[in-house]
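Quick look at entry23.cif (mmCIF, C-alpha atoms and all ligand atoms):
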data_upload
loop_
_atom_site.label_atom_id
_atom_site.label_comp_id
_atom_site.auth_asym_id
_atom_site.auth_seq_id
_atom_site.Cartn_x
_atom_site.Cartn_y
_atom_site.Cartn_z
CA MET P 17 20.08 -16.37 4.16
CA LYS P 18 21.60 -13.59 6.24
CA THR P 19 19.69 -10.31 5.89
CA LEU P 20 21.81 -7.15 6.17
CA TYR P 21 20.11 -4.41 8.21
CA LEU P 22 21.56 -1.12 6.99
CA PRO P 23 20.96 2.52 7.93
CA ALA P 24 20.22 4.41 4.70
CA ASN P 25 23.44 6.39 4.22
CA LYS P 26 25.12 7.01 0.88
CA GLU P 27 27.50 4.07 1.15
CA ASN P 28 24.75 1.61 2.04
CA ILE P 29 22.48 2.88 -0.73
CA LEU P 30 25.28 2.15 -3.24
CA ARG P 31 25.85 -1.25 -1.65
CA CYS P 32 22.14 -2.06 -2.06
CA ALA P 33 22.18 -0.86 -5.68
CA ASP P 34 25.03 -3.35 -6.27
CA ILE P 35 23.01 -6.13 -4.62
CA ILE P 36 20.10 -5.35 -6.95
CA LYS P 37 22.38 -5.24 -10.02
CA SER P 38 23.81 -8.63 -9.14
CA GLY P 39 20.41 -10.31 -8.81
CA GLY P 40 19.60 -9.87 -5.09
CA ILE P 41 16.50 -8.41 -3.42
CA VAL P 42 16.50 -5.38 -1.12
CA ALA P 43 13.82 -3.66 0.99
CA PHE P 44 13.90 0.14 0.78
CA PRO P 45 11.79 3.04 2.03
CA THR P 46 9.46 5.06 -0.17
CA GLU P 47 7.02 7.81 0.80
CA THR P 48 4.11 5.31 0.66
CA VAL P 49 5.30 2.02 2.24
CA TYR P 50 8.55 0.00 2.19
CA GLY P 51 9.14 -1.77 -1.13
CA LEU P 52 10.98 -5.02 -1.85
CA GLY P 53 13.02 -4.38 -4.96
CA ALA P 54 14.68 -6.48 -7.66
CA ASN P 55 16.17 -5.71 -11.08
CA ALA P 56 13.07 -5.74 -13.30
CA LYS P 57 15.18 -7.09 -16.19
CA ASP P 58 16.27 -10.18 -14.26
CA ASP P 59 13.56 -12.89 -14.15
CA ASN P 60 15.40 -14.91 -11.52
CA ALA P 61 15.61 -11.92 -9.20
CA ILE P 62 11.90 -11.16 -9.70
CA LYS P 63 11.01 -14.75 -8.86
CA LYS P 64 12.86 -14.31 -5.54
CA ILE P 65 10.42 -11.50 -4.64
CA PHE P 66 7.36 -13.71 -5.22
CA GLU P 67 9.01 -16.44 -3.15
CA ALA P 68 10.10 -14.23 -0.25
CA LYS P 69 6.63 -12.65 0.03
CA GLY P 70 4.61 -15.78 -0.69
CA ARG P 71 2.93 -13.61 -3.33
CA PRO P 72 0.52 -15.28 -5.78
CA GLN P 73 2.21 -15.60 -9.20
CA ASP P 74 -0.67 -13.84 -10.99
CA ASN P 75 -0.28 -10.55 -9.07
CA PRO P 76 1.87 -8.15 -11.13
CA LEU P 77 4.57 -5.87 -9.69
CA ILE P 78 5.00 -2.11 -10.00
CA LEU P 79 8.21 -1.01 -11.77
CA HIS P 80 9.94 1.87 -9.98
CA ILE P 81 11.78 4.36 -12.17
CA PRO P 82 14.25 7.18 -11.37
CA TYR P 83 12.87 9.66 -13.94
CA PRO P 84 9.62 9.89 -15.97
CA GLU P 85 11.30 9.40 -19.38
CA MET P 86 12.19 5.80 -18.56
CA ALA P 87 8.57 5.06 -19.56
CA GLU P 88 9.68 5.36 -23.18
CA GLU P 89 11.49 2.01 -23.06
CA LEU P 90 8.88 0.31 -20.84
CA TYR P 91 5.53 1.26 -22.44
CA SER P 92 4.81 0.22 -26.05
CA SER P 93 4.14 3.94 -26.67
CA VAL P 94 3.72 6.73 -24.15
CA PRO P 95 0.20 8.22 -24.01
CA GLU P 96 -0.16 12.01 -23.72
CA SER P 97 -1.93 11.66 -20.39
CA TYR P 98 1.24 10.07 -18.93
CA TYR P 99 3.35 13.19 -19.36
CA LYS P 100 0.53 15.47 -18.21
CA LEU P 101 0.22 13.47 -14.99
CA ALA P 102 3.96 12.92 -14.53
CA SER P 103 4.67 16.65 -14.76
CA VAL P 104 2.32 17.27 -11.81
CA PHE P 105 2.57 14.13 -9.66
CA PHE P 106 6.03 12.58 -10.29
CA PRO P 107 7.84 11.95 -8.09
CA GLY P 108 4.82 10.91 -6.03
CA ALA P 109 2.26 8.38 -4.81
CA LEU P 110 0.83 7.67 -8.26
CA THR P 111 1.30 4.51 -10.34
CA LEU P 112 0.38 4.63 -14.03
CA ILE P 113 -0.58 1.59 -16.11
CA TYR P 114 -0.32 1.34 -19.90
CA TYR P 115 0.53 -1.28 -22.55
CA LYS P 116 4.00 -2.73 -22.00
CA SER P 117 6.86 -2.89 -24.49
CA ASP P 118 8.51 -6.20 -25.41
CA SER P 119 11.47 -5.33 -23.18
CA VAL P 120 9.35 -5.74 -20.03
CA SER P 121 9.48 -9.16 -18.39
CA ASP P 122 6.31 -11.27 -18.32
CA VAL P 123 7.33 -12.48 -14.88
CA ALA P 124 7.15 -8.91 -13.49
CA THR P 125 3.77 -8.22 -15.10
CA ALA P 126 2.44 -11.71 -14.28
CA GLY P 127 1.64 -12.22 -17.95
CA GLN P 128 -0.43 -9.01 -18.31
CA SER P 129 -0.06 -7.01 -21.53
CA THR P 130 0.26 -3.87 -19.40
CA VAL P 131 2.89 -2.53 -17.01
CA ALA P 132 2.59 -0.32 -13.91
CA LEU P 133 5.19 2.47 -13.44
CA ARG P 134 5.93 4.79 -10.53
CA MET P 135 8.59 7.33 -9.57
CA PRO P 136 8.68 7.42 -5.75
CA ASP P 137 8.99 10.69 -3.82
CA ASN P 138 11.74 9.64 -1.43
CA GLU P 139 15.40 10.66 -1.78
CA ILE P 140 16.72 7.28 -0.57
CA ALA P 141 14.55 5.40 -3.06
CA LEU P 142 15.51 7.76 -5.89
CA GLU P 143 19.24 7.50 -5.12
CA LEU P 144 18.93 3.73 -5.09
CA LEU P 145 17.10 3.74 -8.44
CA ARG P 146 19.60 6.12 -10.04
CA ALA P 147 22.52 4.01 -8.81
CA ALA P 148 20.93 0.71 -9.92
CA GLN P 149 20.37 2.16 -13.44
CA VAL P 150 17.58 -0.33 -14.10
CA PRO P 151 13.83 -0.26 -13.45
CA VAL P 152 13.23 -1.88 -10.05
CA ALA P 153 10.23 -4.18 -9.65
CA ALA P 154 8.96 -3.67 -6.11
CA PRO P 155 5.80 -4.72 -4.29
CA SER P 156 5.33 -3.89 -0.62
CA ALA P 157 8.02 -5.53 1.54
CA ASN P 158 5.69 -7.66 3.69
CA ILE P 159 4.61 -11.29 3.69
CA SER P 160 1.53 -11.41 1.39
CA GLY P 161 -1.65 -10.89 3.38
CA THR P 162 -0.09 -8.97 6.29
CA PRO P 163 -0.32 -5.16 6.64
CA SER P 164 2.14 -3.30 4.41
CA PRO P 165 5.30 -2.17 6.26
CA THR P 166 5.64 1.52 7.11
CA LYS P 167 8.78 1.14 9.26
CA ALA P 168 11.98 -0.88 8.72
CA GLU P 169 11.22 -2.94 11.84
CA HIS P 170 7.98 -4.16 10.19
CA VAL P 171 10.05 -5.37 7.24
CA TYR P 172 12.51 -7.03 9.61
CA ASN P 173 9.70 -8.87 11.43
CA ASP P 174 8.29 -10.28 8.16
CA MET P 175 11.42 -10.69 6.05
CA ASN P 176 14.48 -11.33 8.20
CA GLY P 177 16.32 -14.32 6.71
CA ARG P 178 14.32 -14.18 3.44
CA ILE P 179 15.92 -11.23 1.64
CA ASP P 180 19.43 -9.83 1.09
CA ALA P 181 19.12 -6.44 2.81
CA ILE P 182 16.88 -3.89 4.49
CA LEU P 183 17.65 -0.17 4.08
CA ASP P 184 16.31 1.63 7.15
CA GLY P 185 15.10 5.09 6.17
CA GLY P 186 12.70 5.72 9.07
CA GLU P 187 8.92 5.91 8.96
CA CYS P 188 7.07 6.33 5.64
CA LYS P 189 5.47 9.76 5.19
CA ILE P 190 2.16 8.59 3.68
CA GLY P 191 1.76 5.07 5.08
CA ILE P 192 -0.52 3.49 2.46
CA GLU P 193 0.35 2.38 -1.06
CA SER P 194 0.17 4.54 -4.18
CA THR P 195 -2.92 5.37 -6.20
CA VAL P 196 -3.01 2.97 -9.18
CA LEU P 197 -4.46 4.54 -12.35
CA SER P 198 -4.97 2.71 -15.64
CA LEU P 199 -4.53 4.98 -18.68
CA ILE P 200 -6.23 2.52 -21.01
CA GLY P 201 -9.58 3.87 -22.25
CA THR P 202 -11.22 6.23 -19.76
CA PRO P 203 -8.60 6.64 -17.01
CA THR P 204 -9.66 4.36 -14.15
CA ILE P 205 -8.49 4.26 -10.54
CA LEU P 206 -7.84 0.61 -9.67
CA ARG P 207 -6.55 1.35 -6.18
CA PRO P 208 -7.12 4.68 -4.35
CA GLY P 209 -4.26 6.43 -2.56
CA ALA P 210 -2.96 9.83 -1.51
CA VAL P 211 -3.35 11.21 -5.06
CA THR P 212 -7.14 11.49 -5.19
CA LYS P 213 -9.68 11.25 -8.02
CA GLU P 214 -10.30 15.00 -7.73
CA MET P 215 -6.57 15.81 -8.05
CA LEU P 216 -6.27 13.57 -11.14
CA ALA P 217 -9.42 14.93 -12.76
CA ALA P 218 -8.09 18.49 -12.41
CA VAL P 219 -5.21 17.49 -14.74
CA ILE P 220 -6.72 15.04 -17.26
CA GLY P 221 -10.52 15.49 -17.03
CA GLU P 222 -12.76 12.44 -16.60
CA VAL P 223 -11.48 9.79 -14.21
CA GLN P 224 -13.55 6.83 -13.04
CA LEU P 225 -13.32 4.59 -10.00
CA SER P 226 -13.14 0.82 -10.38
CA LYS P 227 -16.11 -0.96 -8.78
CA SER P 228 -13.83 -3.23 -6.77
CA ILE P 229 -12.50 -0.37 -4.59
CA LEU P 230 -15.17 -0.68 -1.89
CA GLN P 231 -16.62 -4.11 -2.73
CA PRO P 232 -15.46 -7.69 -2.68
CA LEU P 233 -15.23 -9.13 -6.19
CA GLY P 234 -18.41 -10.90 -7.27
CA SER P 235 -17.95 -14.55 -8.18
CA GLY P 236 -16.65 -14.98 -11.71
CA GLU P 237 -15.83 -11.25 -11.97
CA GLU P 238 -12.36 -10.46 -13.40
CA ALA P 239 -10.14 -8.27 -11.25
CA LEU P 240 -8.91 -5.28 -13.26
CA SER P 241 -6.11 -5.10 -10.73
CA PRO P 242 -5.29 -8.68 -9.77
CA GLY P 243 -4.14 -7.64 -6.28
CA MET P 244 -7.70 -6.62 -5.37
CA LYS P 245 -8.93 -10.19 -5.22
CA TYR P 246 -6.68 -11.28 -2.37
CA LYS P 247 -7.26 -10.84 1.37
CA HIS P 248 -5.00 -8.08 2.53
CA TYR P 249 -3.63 -6.15 5.45
CA SER P 250 -4.90 -8.59 8.08
CA PRO P 251 -3.58 -8.85 11.62
CA ASN P 252 -4.19 -12.09 13.55
CA ALA P 253 -7.50 -10.70 14.79
CA GLN P 254 -10.94 -10.15 13.28
CA VAL P 255 -11.32 -6.52 12.22
CA TYR P 256 -14.75 -4.83 12.07
CA ALA P 257 -15.36 -1.57 10.19
CA VAL P 258 -17.94 0.36 12.24
CA TYR P 259 -20.25 2.74 10.34
CA GLY P 260 -22.29 5.79 11.37
CA ASN P 261 -21.73 9.48 12.09
CA GLU P 262 -19.09 10.50 14.64
CA HIS P 263 -21.37 9.95 17.69
CA GLU P 264 -23.14 6.83 16.41
CA ILE P 265 -19.78 5.21 15.72
CA ALA P 266 -18.58 5.86 19.28
CA ASN P 267 -21.79 4.46 20.79
CA LYS P 268 -21.78 1.38 18.55
CA ILE P 269 -18.13 0.63 19.22
CA ALA P 270 -18.51 0.94 23.01
CA TYR P 271 -21.60 -1.33 22.90
CA HIS P 272 -19.99 -4.04 20.75
CA TYR P 273 -16.68 -3.84 22.63
CA ASP P 274 -18.45 -4.60 25.92
CA ASN P 275 -20.45 -7.48 24.40
CA PHE P 276 -17.41 -9.04 22.72
CA GLU P 277 -15.44 -8.81 25.97
CA LYS P 278 -18.28 -10.45 27.93
CA SER P 279 -18.08 -13.44 25.61
CA GLY P 280 -14.36 -13.83 26.27
CA ASN P 281 -12.79 -11.79 23.44
CA ARG P 282 -9.86 -9.40 23.81
CA CYS P 283 -10.83 -6.17 22.05
CA VAL P 284 -9.03 -3.06 20.86
CA ILE P 285 -10.44 0.06 19.22
CA LEU P 286 -8.80 1.94 16.33
CA SER P 287 -10.17 5.31 17.32
CA SER P 288 -10.20 9.02 16.52
CA GLU P 289 -8.95 11.91 18.67
CA GLU P 290 -12.53 13.18 18.68
CA ASN P 291 -14.01 9.98 20.16
CA SER P 292 -11.10 8.76 22.29
CA ARG P 293 -12.32 10.23 25.62
CA PHE P 294 -15.72 8.65 25.14
CA TYR P 295 -14.17 5.14 25.09
CA GLY P 296 -12.81 5.69 28.61
CA GLU P 297 -10.77 2.76 29.94
CA ARG P 298 -11.33 0.53 26.92
CA LYS P 299 -8.13 -0.38 25.00
CA GLN P 300 -7.54 1.86 22.00
CA ILE P 301 -4.98 2.99 19.46
CA ILE P 302 -5.66 6.53 18.22
CA LEU P 303 -5.30 6.85 14.43
CA GLY P 304 -5.67 10.65 14.28
CA SER P 305 -8.29 13.32 13.78
CA ARG P 306 -11.45 12.47 11.83
CA LYS P 307 -10.95 15.80 10.06
CA LYS P 308 -7.58 14.64 8.71
CA PRO P 309 -8.04 11.32 6.87
CA GLU P 310 -4.32 11.41 5.89
CA GLU P 311 -3.50 10.80 9.57
CA PHE P 312 -5.76 7.73 9.60
CA CYS P 313 -3.97 6.48 6.46
CA LYS P 314 -0.51 7.04 7.90
CA ARG P 315 -1.23 5.12 11.13
CA LEU P 316 -3.50 2.30 9.89
CA PHE P 317 -1.00 -0.41 8.89
CA SER P 318 1.26 0.16 11.86
CA ALA P 319 -1.78 0.06 14.19
CA LEU P 320 -3.02 -3.19 12.59
CA ARG P 321 0.35 -4.77 13.38
CA GLU P 322 -0.03 -3.63 17.01
CA CYS P 323 -3.37 -5.51 17.12
CA ASP P 324 -1.72 -8.94 17.04
CA GLY P 325 -2.54 -10.57 20.36
CA TYR P 326 -6.13 -9.25 20.41
CA THR P 327 -9.05 -11.26 19.02
CA THR P 328 -11.28 -8.37 17.97
CA VAL P 329 -10.50 -4.98 16.40
CA LEU P 330 -13.23 -2.33 16.16
CA CYS P 331 -12.24 0.45 13.77
CA GLU P 332 -13.94 3.79 13.09
CA THR P 333 -14.89 4.38 9.44
CA LEU P 334 -14.50 7.65 7.50
CA GLN P 335 -16.43 9.26 4.64
CA GLU P 336 -15.44 7.60 1.37
CA HIS P 337 -13.93 10.52 -0.50
CA GLY P 338 -10.47 12.07 -0.87
CA ALA P 339 -7.93 10.30 1.36
CA GLY P 340 -10.90 8.83 3.25
CA LEU P 341 -11.61 6.60 0.22
CA ALA P 342 -8.07 5.20 0.30
CA PHE P 343 -8.39 4.56 4.05
CA MET P 344 -11.74 2.77 3.62
CA ASN P 345 -10.37 0.63 0.76
CA ARG P 346 -7.57 -0.69 3.03
CA LEU P 347 -9.82 -1.03 6.09
CA LEU P 348 -12.48 -3.03 4.24
CA ARG P 349 -9.84 -5.41 2.90
CA ALA P 350 -8.31 -5.82 6.37
CA SER P 351 -11.79 -6.62 7.74
CA GLY P 352 -12.67 -9.04 4.95
CA PHE P 353 -15.70 -6.70 4.50
CA LYS P 354 -17.05 -7.40 8.02
CA THR P 355 -18.99 -4.31 9.05
CA LEU P 356 -21.11 -3.23 12.02
P1 LIG P 401 1.84 -3.83 -4.28
O1 LIG P 401 3.00 -4.22 -5.10
O2 LIG P 401 1.65 -4.66 -3.08
O3 LIG P 401 1.82 -2.36 -4.02
O4 LIG P 401 0.63 -4.09 -5.24
C1 LIG P 401 0.65 -3.57 -6.56
C2 LIG P 401 -0.76 -3.41 -7.04
O5 LIG P 401 -0.74 -2.91 -8.37
C3 LIG P 401 -1.50 -4.73 -7.04
O6 LIG P 401 -2.83 -4.52 -6.62
C4 LIG P 401 -1.41 -5.15 -8.50
O7 LIG P 401 -2.43 -6.02 -8.85
C5 LIG P 401 -1.48 -3.80 -9.21
N1 LIG P 401 -0.85 -3.86 -10.53
C6 LIG P 401 0.47 -3.92 -10.82
N2 LIG P 401 0.67 -4.02 -12.15
C7 LIG P 401 -0.55 -4.04 -12.72
C8 LIG P 401 -1.03 -4.15 -14.06
N3 LIG P 401 -0.19 -4.28 -15.09
N4 LIG P 401 -2.37 -4.16 -14.26
C9 LIG P 401 -3.21 -4.03 -13.22
N5 LIG P 401 -2.83 -3.92 -11.93
C10 LIG P 401 -1.52 -3.93 -11.68
MG MG P 402 1.23 -5.18 -1.13
#
So that I can check it, write out the structure of this file as C-alpha cells.
Ligand code: AMP
Ligand code: MG
Amino acid sequence: MKTLYLPANKENILRCADIIKSGGIVAFPTETVYGLGANAKDDNAIKKIFEAKGRPQDNPLILHIPYPEMAEELYSSVPESYYKLASVFFPGALTLIYYKSDSVSDVATAGQSTVALRMPDNEIALELLRAAQVPVAAPSANISGTPSPTKAEHVYNDMNGRIDAILDGGECKIGIESTVLSLIGTPTILRPGAVTKEMLAAVIGEVQLSKSILQPLGSGEEALSPGMKYKHYSPNAQVYAVYGNEHEIANKIAYHYDNFEKSGNRCVILSSEENSRFYGERKQIILGSRKKPEEFCKRLFSALRECDGYTTVLCETLQEHGAGLAFMNRLLRASGFKTL
C-alpha cells in the first residue's frame, strides 16, 4: 500500500477525513502522541488498525470524539462525573471509561462491556474529527511494542506502506499518552498521564490508582486495562531504571555504565540537566530538568527511539507523583521492570 505523507493543512485534513469515512486508516497528531485512526463504526476499518500495528486483538481502542456530548450515543448512560470532568479537562489528555451502548462495536472495545472516550486538545485532530463526523477509534500510531510516536517521522518509520496516510502536524506537546480513568465504581486511574490524580480528585473527590501502574501483573491477575499486560515502549536495547536521590543516581549510573562498557556493551544514559556534567564524556541524551517531570515525559519516547543501536540504556528515575508517576509508568514498562 502507498502511504500518503501530508502536511496538516486544511485541504489535507479534509482529504484524511474522507479516507476515514471511506474505510481507510490515517495517522494524525494529538497533544499526547500520534494516533492511528479509523471510523469506529466500521469493523473492517478497525480490523485494519489491529493488523497494521500488530496489536493483540484483546487490547481495546480509545474512541476520539469532537465534542463531549457525543458520549450520549456511545455510553449506555452518561454518569454525572463524566460531565464534571469533561467541563474541566476536555479537550485534553484524559480518557474516560464507562459502560458502552449497543451502538459501539465489539471489535473496537475488544469485547469489553465498557468504552474509552477522549476529546484531544489539538486543532488538527479536532478538525479531522469534526470533518469525519464519526467517532474515530485510535490507538498510538506505532508498531505494538515500540515507543509511541511523538513526531510524524516516527510514524513514517513504523508505518510506511501499512496505512493510507500520515498527517504531519509537528511534534506532540505532551509526548506520553492520556491518563485513562475508569468511572465505574470508585474512579480508578488505569494509566497515569498529564492529568494527575490530584487534578482529578480536586474535581470529583476520591480517585484511586490501579495497582498495575508501577508493577508487572502477577500471574493469573486480570488486567483492568488490557494494554498494561503487554511489553511496551521498548527500543532494541535493554533499558535499566536507576533509583536513588539525584546524586546517588548519577554515581550509580556512571559506575554501571563503565562496567557494562568493559564487558563489551554500548551504553547510553537518559539523563537530567542537573546530572549531565557529572557524566562527562559518557554518551547521553538529556531528557530535561529533574524539577520538571513534564520535560522528561515529553522527551522519553523520542529518546528511546534514538537508543536503537546501543545495547544498554541507563535512565534516571523520578519521584512517583504528579507527572513523575506517568513518566515512571512508561519507563518501567520500557525496561521490563529491570531496575538498578
Ligand atoms: P493506546 O491506544 O495505545 O493509547 O492504548 C489505549 C489504552 O487504553 C490501553 O492500555 C487499553 O487497554 C486501554 N483501554 C481502552 N479501552 C479500554 C476499556 N474499555 N477498558 C479498559 N481499558 C481500556
Ligand atoms: Mg499504544
Legend entry - Which residue of P:Glu214, P:Asp274, P:Glu332, P:Glu311 approaches Val255 in chain P most closely, using only C-alpha atoms: P:Glu332
Inset, instruction - Would you list the residues that come within 9 Å of ligand MG 402 (chain P)? Count all atoms listed in the file and give the answer as number ranges by chain. - result: P: 49, 51, 71, 155-165, 193, 243, 248-249
Using C-alpha atoms, can you export the residues from the last selection as a PDB file, in the frame of the given file?
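out13.pdb, freshly written:
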ATOM      1  CA  VAL P  49       5.300   2.020   2.240  1.00  0.00           C
ATOM      2  CA  GLY P  51       9.140  -1.770  -1.130  1.00  0.00           C
ATOM      3  CA  ARG P  71       2.930 -13.610  -3.330  1.00  0.00           C
ATOM      4  CA  PRO P 155       5.800  -4.720  -4.290  1.00  0.00           C
ATOM      5  CA  SER P 156       5.330  -3.890  -0.620  1.00  0.00           C
ATOM      6  CA  ALA P 157       8.020  -5.530   1.540  1.00  0.00           C
ATOM      7  CA  ASN P 158       5.690  -7.660   3.690  1.00  0.00           C
ATOM      8  CA  ILE P 159       4.610 -11.290   3.690  1.00  0.00           C
ATOM      9  CA  SER P 160       1.530 -11.410   1.390  1.00  0.00           C
ATOM     10  CA  GLY P 161      -1.650 -10.890   3.380  1.00  0.00           C
ATOM     11  CA  THR P 162      -0.090  -8.970   6.290  1.00  0.00           C
ATOM     12  CA  PRO P 163      -0.320  -5.160   6.640  1.00  0.00           C
ATOM     13  CA  SER P 164       2.140  -3.300   4.410  1.00  0.00           C
ATOM     14  CA  PRO P 165       5.300  -2.170   6.260  1.00  0.00           C
ATOM     15  CA  GLU P 193       0.350   2.380  -1.060  1.00  0.00           C
ATOM     16  CA  GLY P 243      -4.140  -7.640  -6.280  1.00  0.00           C
ATOM     17  CA  HIS P 248      -5.000  -8.080   2.530  1.00  0.00           C
ATOM     18  CA  TYR P 249      -3.630  -6.150   5.450  1.00  0.00           C
TER      19      TYR P 249
END
Inset, instruction - Counting all atoms listed in the file, name the residues that have an atom within 9 Å of an atom of ligand LIG 401 (chain P); the answer should be given as a ChimeraX atom specification. - result: /P:49,51-52,74-79,111-116,124-133,153-158,160,164,193-198,206-207,239-246
Kindly save the residues from that selection, with C-alpha atoms included, as a PDB file, in the frame of the given file.
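Okay, this is what ended up in part.pdb:
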ATOM      1  CA  VAL P  49       5.300   2.020   2.240  1.00  0.00           C
ATOM      2  CA  GLY P  51       9.140  -1.770  -1.130  1.00  0.00           C
ATOM      3  CA  LEU P  52      10.980  -5.020  -1.850  1.00  0.00           C
ATOM      4  CA  ASP P  74      -0.670 -13.840 -10.990  1.00  0.00           C
ATOM      5  CA  ASN P  75      -0.280 -10.550  -9.070  1.00  0.00           C
ATOM      6  CA  PRO P  76       1.870  -8.150 -11.130  1.00  0.00           C
ATOM      7  CA  LEU P  77       4.570  -5.870  -9.690  1.00  0.00           C
ATOM      8  CA  ILE P  78       5.000  -2.110 -10.000  1.00  0.00           C
ATOM      9  CA  LEU P  79       8.210  -1.010 -11.770  1.00  0.00           C
ATOM     10  CA  THR P 111       1.300   4.510 -10.340  1.00  0.00           C
ATOM     11  CA  LEU P 112       0.380   4.630 -14.030  1.00  0.00           C
ATOM     12  CA  ILE P 113      -0.580   1.590 -16.110  1.00  0.00           C
ATOM     13  CA  TYR P 114      -0.320   1.340 -19.900  1.00  0.00           C
ATOM     14  CA  TYR P 115       0.530  -1.280 -22.550  1.00  0.00           C
ATOM     15  CA  LYS P 116       4.000  -2.730 -22.000  1.00  0.00           C
ATOM     16  CA  ALA P 124       7.150  -8.910 -13.490  1.00  0.00           C
ATOM     17  CA  THR P 125       3.770  -8.220 -15.100  1.00  0.00           C
ATOM     18  CA  ALA P 126       2.440 -11.710 -14.280  1.00  0.00           C
ATOM     19  CA  GLY P 127       1.640 -12.220 -17.950  1.00  0.00           C
ATOM     20  CA  GLN P 128      -0.430  -9.010 -18.310  1.00  0.00           C
ATOM     21  CA  SER P 129      -0.060  -7.010 -21.530  1.00  0.00           C
ATOM     22  CA  THR P 130       0.260  -3.870 -19.400  1.00  0.00           C
ATOM     23  CA  VAL P 131       2.890  -2.530 -17.010  1.00  0.00           C
ATOM     24  CA  ALA P 132       2.590  -0.320 -13.910  1.00  0.00           C
ATOM     25  CA  LEU P 133       5.190   2.470 -13.440  1.00  0.00           C
ATOM     26  CA  ALA P 153      10.230  -4.180  -9.650  1.00  0.00           C
ATOM     27  CA  ALA P 154       8.960  -3.670  -6.110  1.00  0.00           C
ATOM     28  CA  PRO P 155       5.800  -4.720  -4.290  1.00  0.00           C
ATOM     29  CA  SER P 156       5.330  -3.890  -0.620  1.00  0.00           C
ATOM     30  CA  ALA P 157       8.020  -5.530   1.540  1.00  0.00           C
ATOM     31  CA  ASN P 158       5.690  -7.660   3.690  1.00  0.00           C
ATOM     32  CA  SER P 160       1.530 -11.410   1.390  1.00  0.00           C
ATOM     33  CA  SER P 164       2.140  -3.300   4.410  1.00  0.00           C
ATOM     34  CA  GLU P 193       0.350   2.380  -1.060  1.00  0.00           C
ATOM     35  CA  SER P 194       0.170   4.540  -4.180  1.00  0.00           C
ATOM     36  CA  THR P 195      -2.920   5.370  -6.200  1.00  0.00           C
ATOM     37  CA  VAL P 196      -3.010   2.970  -9.180  1.00  0.00           C
ATOM     38  CA  LEU P 197      -4.460   4.540 -12.350  1.00  0.00           C
ATOM     39  CA  SER P 198      -4.970   2.710 -15.640  1.00  0.00           C
ATOM     40  CA  LEU P 206      -7.840   0.610  -9.670  1.00  0.00           C
ATOM     41  CA  ARG P 207      -6.550   1.350  -6.180  1.00  0.00           C
ATOM     42  CA  ALA P 239     -10.140  -8.270 -11.250  1.00  0.00           C
ATOM     43  CA  LEU P 240      -8.910  -5.280 -13.260  1.00  0.00           C
ATOM     44  CA  SER P 241      -6.110  -5.100 -10.730  1.00  0.00           C
ATOM     45  CA  PRO P 242      -5.290  -8.680  -9.770  1.00  0.00           C
ATOM     46  CA  GLY P 243      -4.140  -7.640  -6.280  1.00  0.00           C
ATOM     47  CA  MET P 244      -7.700  -6.620  -5.370  1.00  0.00           C
ATOM     48  CA  LYS P 245      -8.930 -10.190  -5.220  1.00  0.00           C
ATOM     49  CA  TYR P 246      -6.680 -11.280  -2.370  1.00  0.00           C
TER      50      TYR P 246
END
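Around the coordinate (14.3, 0.1, -21.2), residues that reach within 8 Å when counting only C-alpha atoms are Met86, Ala87, Glu88, Glu89, Leu90, Ser119, Val120, Val150 and Pro151 of chain P.
Our summary of the geometry notes that CA of Gly39 in chain P is positioned 6.7 Å from CA of Asn55 in chain P.
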Legend entry - Distance in Å - CA of Gly296 in chain P versus CA of Asp324 in chain P: 21.7 Å
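Near (22.5, 3.2, -10.7), the residues that fall inside 10 Å on the basis of all atoms listed in the file are Ile29, Leu30, Ala33, Asp34, Ile36, Lys37, Pro82, Leu142, Glu143, Leu144, Leu145, Arg146, Ala147, Ala148, Gln149, Val150 and Pro151 of chain P.
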Inset, instruction - Quick one: pull the distance between CA of Pro208 in chain P and CA of Pro72 in chain P, Å, one decimal. - result: 21.4 Å
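Taking all atoms listed in the file into account, Ile62 in chain P lies nearest to P:Val42 out of the set P:Ala24, P:Ile269, P:Ile229, P:Val42.
When all atoms listed in the file are used to compute distances to Ala319 in chain P, the closest of the residues P:Tyr99, P:Glu289, P:Gly352, P:Thr166 turns out to be P:Thr166.
When all atoms listed in the file are used to measure the gap to Val219 in chain P, the shortest distance among P:Ala141, P:Met17, P:Ile302, P:Ala102 belongs to P:Ala102.
With distances restricted to only C-alpha atoms, P:Met344 is the closest residue to Val258 in chain P from P:Cys313, P:Ile179, P:Met344, P:Val94.
Checking P:Ala181, P:Leu334, P:Cys32, P:Ala68 one by one against Ala168 in chain P, counting only C-alpha atoms, you find the shortest gap at P:Ala181.
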